[in-house]
>>> print(open('final.pdb').read())   # PDB, C-alpha atoms
ATOM      1  CA  GLN A 151     -10.927 -15.885   0.015
ATOM      2  CA  VAL A 152      -7.219 -15.812  -0.807
ATOM      3  CA  ARG A 153      -4.719 -15.724   2.052
ATOM      4  CA  LEU A 154      -0.941 -15.511   1.904
ATOM      5  CA  VAL A 155       1.351 -16.818   4.622
ATOM      6  CA  GLU A 156       5.073 -16.028   4.556
ATOM      7  CA  SER A 157       7.797 -17.903   6.381
ATOM      8  CA  GLY A 158      11.564 -18.251   6.399
ATOM      9  CA  GLY A 159      12.677 -14.973   7.915
ATOM     10  CA  GLY A 160      15.214 -14.757  10.696
ATOM     11  CA  LEU A 161      18.608 -13.501  11.785
ATOM     12  CA  VAL A 162      21.606 -14.126   9.568
ATOM     13  CA  GLU A 163      25.129 -12.765   9.310
ATOM     14  CA  ALA A 164      26.188 -10.630   6.395
ATOM     15  CA  GLY A 165      27.135 -12.820   3.452
ATOM     16  CA  GLY A 166      24.710 -15.531   4.496
ATOM     17  CA  SER A 167      21.552 -16.852   2.842
ATOM     18  CA  LEU A 168      17.869 -17.257   3.603
ATOM     19  CA  ARG A 169      14.949 -18.621   1.614
ATOM     20  CA  LEU A 170      11.547 -17.092   2.092
ATOM     21  CA  SER A 171       8.355 -18.935   1.214
ATOM     22  CA  CYS A 172       4.850 -17.632   0.648
ATOM     23  CA  VAL A 173       1.982 -20.088   0.462
ATOM     24  CA  ALA A 174      -1.335 -19.002  -1.023
ATOM     25  CA  SER A 175      -4.744 -20.449  -0.372
ATOM     26  CA  GLY A 176      -7.364 -20.320  -3.106
ATOM     27  CA  SER A 177      -7.375 -21.276  -6.762
ATOM     28  CA  ILE A 178      -6.052 -18.172  -8.498
ATOM     29  CA  PHE A 179      -2.383 -18.498  -7.536
ATOM     30  CA  SER A 180      -1.257 -20.020 -10.844
ATOM     31  CA  ILE A 181      -2.774 -17.177 -12.881
ATOM     32  CA  SER A 182      -1.536 -14.359 -10.680
ATOM     33  CA  VAL A 183       1.569 -12.214 -10.559
ATOM     34  CA  MET A 184       3.473 -12.771  -7.331
ATOM     35  CA  GLY A 185       5.830 -10.258  -5.814
ATOM     36  CA  TRP A 186       8.144  -9.873  -2.857
ATOM     37  CA  TYR A 187       8.446  -6.457  -1.228
ATOM     38  CA  HIS A 188      10.417  -5.199   1.707
ATOM     39  CA  GLN A 189       9.954  -2.387   4.167
ATOM     40  CA  ALA A 190      12.758  -1.150   6.387
ATOM     41  CA  PRO A 191      12.029   0.919   9.512
ATOM     42  CA  GLY A 192      11.037   4.443   8.572
ATOM     43  CA  LYS A 193      11.028   3.688   4.852
ATOM     44  CA  GLN A 194       8.434   2.969   2.217
ATOM     45  CA  ARG A 195       7.599  -0.532   1.078
ATOM     46  CA  GLU A 196       9.536  -1.351  -2.089
ATOM     47  CA  LEU A 197       9.416  -4.057  -4.709
ATOM     48  CA  VAL A 198      12.221  -6.597  -4.422
ATOM     49  CA  ALA A 199      11.243  -9.086  -7.119
ATOM     50  CA  ALA A 200       8.210 -10.232  -9.069
ATOM     51  CA  ILE A 201       7.276 -13.236 -11.187
ATOM     52  CA  THR A 202       4.426 -13.575 -13.658
ATOM     53  CA  SER A 203       2.241 -16.630 -14.162
ATOM     54  CA  ALA A 204       4.424 -17.482 -17.178
ATOM     55  CA  GLY A 205       7.594 -17.289 -15.125
ATOM     56  CA  SER A 206       8.985 -13.942 -16.283
ATOM     57  CA  THR A 207      10.869 -12.175 -13.530
ATOM     58  CA  ASN A 208      12.104  -8.712 -12.633
ATOM     59  CA  TYR A 209      14.253  -7.494  -9.774
ATOM     60  CA  ALA A 210      15.180  -4.324  -7.991
ATOM     61  CA  ASP A 211      18.664  -3.200  -8.988
ATOM     62  CA  SER A 212      19.867  -3.585  -5.412
ATOM     63  CA  VAL A 213      19.226  -7.346  -5.392
ATOM     64  CA  LYS A 214      20.084  -8.364  -8.952
ATOM     65  CA  GLY A 215      22.564 -11.216  -8.940
ATOM     66  CA  ARG A 216      21.929 -11.965  -5.249
ATOM     67  CA  PHE A 217      18.215 -12.820  -4.982
ATOM     68  CA  THR A 218      16.159 -15.270  -7.025
ATOM     69  CA  ILE A 219      12.380 -15.445  -7.166
ATOM     70  CA  SER A 220      10.660 -18.653  -8.226
ATOM     71  CA  ARG A 221       7.269 -20.265  -7.999
ATOM     72  CA  ASP A 222       5.764 -23.737  -7.748
ATOM     73  CA  ASN A 223       2.189 -23.568  -8.986
ATOM     74  CA  ALA A 224       1.488 -27.149  -7.885
ATOM     75  CA  LYS A 225       2.217 -26.058  -4.301
ATOM     76  CA  ASN A 226       0.705 -22.555  -4.566
ATOM     77  CA  THR A 227       4.046 -21.256  -3.330
ATOM     78  CA  VAL A 228       6.417 -18.486  -4.310
ATOM     79  CA  TYR A 229       9.989 -18.395  -3.035
ATOM     80  CA  LEU A 230      12.673 -15.778  -2.601
ATOM     81  CA  GLN A 231      16.191 -17.173  -2.371
ATOM     82  CA  MET A 232      18.395 -14.497  -0.844
ATOM     83  CA  ASP A 233      22.150 -14.953  -1.073
ATOM     84  CA  ARG A 234      25.067 -12.725  -0.113
ATOM     85  CA  LEU A 235      22.836 -10.836   2.272
ATOM     86  CA  ARG A 236      23.846  -7.365   3.408
ATOM     87  CA  PRO A 237      22.891  -5.392   6.514
ATOM     88  CA  GLU A 238      20.893  -3.035   4.291
ATOM     89  CA  ASP A 239      18.636  -5.977   3.327
ATOM     90  CA  THR A 240      17.252  -5.892   6.871
ATOM     91  CA  ALA A 241      13.493  -5.359   6.603
ATOM     92  CA  VAL A 242      10.109  -6.960   6.874
ATOM     93  CA  TYR A 243       9.478  -8.922   3.691
ATOM     94  CA  TYR A 244       5.959  -9.226   2.320
ATOM     95  CA  CYS A 245       4.571 -11.227  -0.544
ATOM     96  CA  LYS A 246       1.784  -9.902  -2.710
ATOM     97  CA  LEU A 247      -0.611 -11.570  -5.122
ATOM     98  CA  SER A 248      -1.922  -9.468  -7.988
ATOM     99  CA  LYS A 249      -4.664 -10.397 -10.424
ATOM    100  CA  ARG A 250      -6.232  -7.517 -12.360
ATOM    101  CA  SER A 251      -7.538  -5.157  -9.677
ATOM    102  CA  LEU A 252      -7.164  -7.689  -6.855
ATOM    103  CA  GLU A 253      -4.180  -7.274  -4.536
ATOM    104  CA  ILE A 254      -3.605  -9.516  -1.535
ATOM    105  CA  TRP A 255      -0.753  -9.045   0.968
ATOM    106  CA  GLY A 256       0.743 -11.445   3.441
ATOM    107  CA  GLN A 257       1.482 -10.554   7.038
ATOM    108  CA  GLY A 258       5.233 -10.242   6.494
ATOM    109  CA  THR A 259       8.315 -11.972   7.805
ATOM    110  CA  LEU A 260      11.269 -10.203   9.407
ATOM    111  CA  VAL A 261      14.754 -10.554   7.972
ATOM    112  CA  THR A 262      17.643  -9.205  10.027
ATOM    113  CA  VAL A 263      21.167  -9.192   8.650
ATOM    114  CA  SER A 264      23.931  -8.529  11.147
ATOM    115  CA  SER A 265      27.241  -6.980  10.154
TER     116      SER A 265
END
>>> encode(input="final.pdb", output="structure tokens")
Amino acid sequence: QVRLVESGGGLVEAGGSLRLSCVASGSIFSISVMGWYHQAPGKQRELVAAITSAGSTNYADSVKGRFTISRDNAKNTVYLQMDRLRPEDTAVYYCKLSKRSLEIWGQGTLVTVSS
């Protein structure tokens, strides 16, 4: 059974940086699409960034040029480097593993950006 565990969230001032990590158990990580999503209070969960097994990436317009998604298949880990953080980036951040019809979510990690 695949499990995802996120870490790296916390409180940071506007303009600061954080790096989120998501470690996956199981053997399908390297052949799966990995994504980071966020959900602010009272809002829907939204895609922040995604990376395919081949390393192709896509980003939400709001984070382009500020966030970078990457993966290390040897460590079963996907990262989200978040730079130049803004108060509107405050949310719970979740990672998701997708492989065909299988979707696995992590428990989330809270990111709070103070102004």
>>> atom_distance(input="final.pdb", atom1="CA of Arg234 (chain A)", atom2="CA of Leu161 (chain A)")
13.6 Å
>>> resolve_selection(input="final.pdb", expression="the PyMOL selection byres ((chain A and resi 236-242) around 12)", output="VMD selection string")
chain A and resid 156 to 168 170 186 to 198 210 212 to 213 216 to 217 232 to 235 243 to 245 256 to 265
>>> resolve_selection(input="final.pdb", expression="the PyMOL selection byres ((chain A and resi 175) around 6)", output="PyMOL selection string")
chain A and resi 152-153+174+176
>>> write_last_selection(input="final.pdb", atoms="C-alpha atoms", output="tab-separated table (two decimals), in the coordinates of the input")
chain	number	residue	atom	x	y	z
A	152	VAL	CA	-7.22	-15.81	-0.81
A	153	ARG	CA	-4.72	-15.72	2.05
A	174	ALA	CA	-1.34	-19.00	-1.02
A	176	GLY	CA	-7.36	-20.32	-3.11
>>> closest_residue(input="final.pdb", among="A:Arg250, A:Val155, A:Arg169, A:Val183", to="Asn223 (chain A)", atoms="only C-alpha atoms")
A:Val183
>>> residues_near_point(input="final.pdb", point="(15.3, -15.3, -6.4)", cutoff="8 Å", atoms="all atoms listed in the file", output="list in words")
Ala199, Arg216, Phe217, Thr218, Ile219, Ser220, Tyr229, Leu230, Gln231 and Met232 of chain A
>>> atom_distance(input="final.pdb", atom1="CA of Val173 (chain A)", atom2="CA of Lys249 (chain A)")
16.0 Å
>>> axis_aligned_box(input="final.pdb", around="region 251-254 of chain A", padding_each_side="6 Å", output="JSON")
{"center_x": -5.6, "center_y": -7.3, "center_z": -5.6, "size_x": 15.9, "size_y": 16.4, "size_z": 20.1}
>>> atom_distance(input="final.pdb", atom1="CA of Leu252 (chain A)", atom2="CA of Lys214 (chain A)")
27.3 Å
>>> closest_residue(input="final.pdb", among="A:Ser251, A:Gln151, A:Asn226, A:Ser180", to="Thr202 (chain A)", atoms="all atoms listed in the file")
A:Ser180
>>> closest_residue(input="final.pdb", among="A:Leu247, A:Ala224, A:Met184, A:Cys172", to="Ala200 (chain A)", atoms="all atoms listed in the file")
A:Met184
>>> closest_residue(input="final.pdb", among="A:Asp222, A:Glu253, A:Thr227, A:Gly185", to="Asn208 (chain A)", atoms="all atoms listed in the file")
A:Gly185
>>> decode(input="final.pdb", residues="region 218-229 of chain A", atoms="N, CA and C atoms", output="PDB file, in the first residue's frame")
ATOM      1  N   THR A 218       9.430  25.762  -7.510  1.00  0.00           N
ATOM      2  CA  THR A 218      10.049  24.750  -8.367  1.00  0.00           C
ATOM      3  C   THR A 218       9.746  23.366  -7.816  1.00  0.00           C
ATOM      4  N   ILE A 219       9.193  22.515  -8.657  1.00  0.00           N
ATOM      5  CA  ILE A 219       8.948  21.130  -8.273  1.00  0.00           C
ATOM      6  C   ILE A 219      10.065  20.262  -8.831  1.00  0.00           C
ATOM      7  N   SER A 220      10.485  19.284  -8.047  1.00  0.00           N
ATOM      8  CA  SER A 220      11.518  18.351  -8.494  1.00  0.00           C
ATOM      9  C   SER A 220      11.280  17.002  -7.812  1.00  0.00           C
ATOM     10  N   ARG A 221      11.960  15.999  -8.325  1.00  0.00           N
ATOM     11  CA  ARG A 221      11.799  14.677  -7.737  1.00  0.00           C
ATOM     12  C   ARG A 221      13.123  13.940  -7.718  1.00  0.00           C
ATOM     13  N   ASP A 222      13.270  13.048  -6.750  1.00  0.00           N
ATOM     14  CA  ASP A 222      14.429  12.177  -6.635  1.00  0.00           C
ATOM     15  C   ASP A 222      13.882  10.761  -6.548  1.00  0.00           C
ATOM     16  N   ASN A 223      13.893  10.053  -7.668  1.00  0.00           N
ATOM     17  CA  ASN A 223      13.295   8.724  -7.695  1.00  0.00           C
ATOM     18  C   ASN A 223      14.059   7.728  -6.818  1.00  0.00           C
ATOM     19  N   ALA A 224      15.354   7.943  -6.635  1.00  0.00           N
ATOM     20  CA  ALA A 224      16.134   7.048  -5.782  1.00  0.00           C
ATOM     21  C   ALA A 224      15.690   7.151  -4.318  1.00  0.00           C
ATOM     22  N   LYS A 225      15.137   8.305  -3.954  1.00  0.00           N
ATOM     23  CA  LYS A 225      14.681   8.527  -2.578  1.00  0.00           C
ATOM     24  C   LYS A 225      13.154   8.500  -2.460  1.00  0.00           C
ATOM     25  N   ASN A 226      12.468   8.195  -3.558  1.00  0.00           N
ATOM     26  CA  ASN A 226      10.995   8.203  -3.547  1.00  0.00           C
ATOM     27  C   ASN A 226      10.442   9.515  -2.993  1.00  0.00           C
ATOM     28  N   THR A 227      11.041  10.621  -3.392  1.00  0.00           N
ATOM     29  CA  THR A 227      10.700  11.911  -2.807  1.00  0.00           C
ATOM     30  C   THR A 227      10.439  12.950  -3.892  1.00  0.00           C
ATOM     31  N   VAL A 228       9.425  13.760  -3.666  1.00  0.00           N
ATOM     32  CA  VAL A 228       9.153  14.907  -4.506  1.00  0.00           C
ATOM     33  C   VAL A 228       9.258  16.153  -3.632  1.00  0.00           C
ATOM     34  N   TYR A 229       9.794  17.216  -4.202  1.00  0.00           N
ATOM     35  CA  TYR A 229      10.039  18.446  -3.467  1.00  0.00           C
ATOM     36  C   TYR A 229       9.265  19.606  -4.095  1.00  0.00           C
TER      37      TYR A 229
END
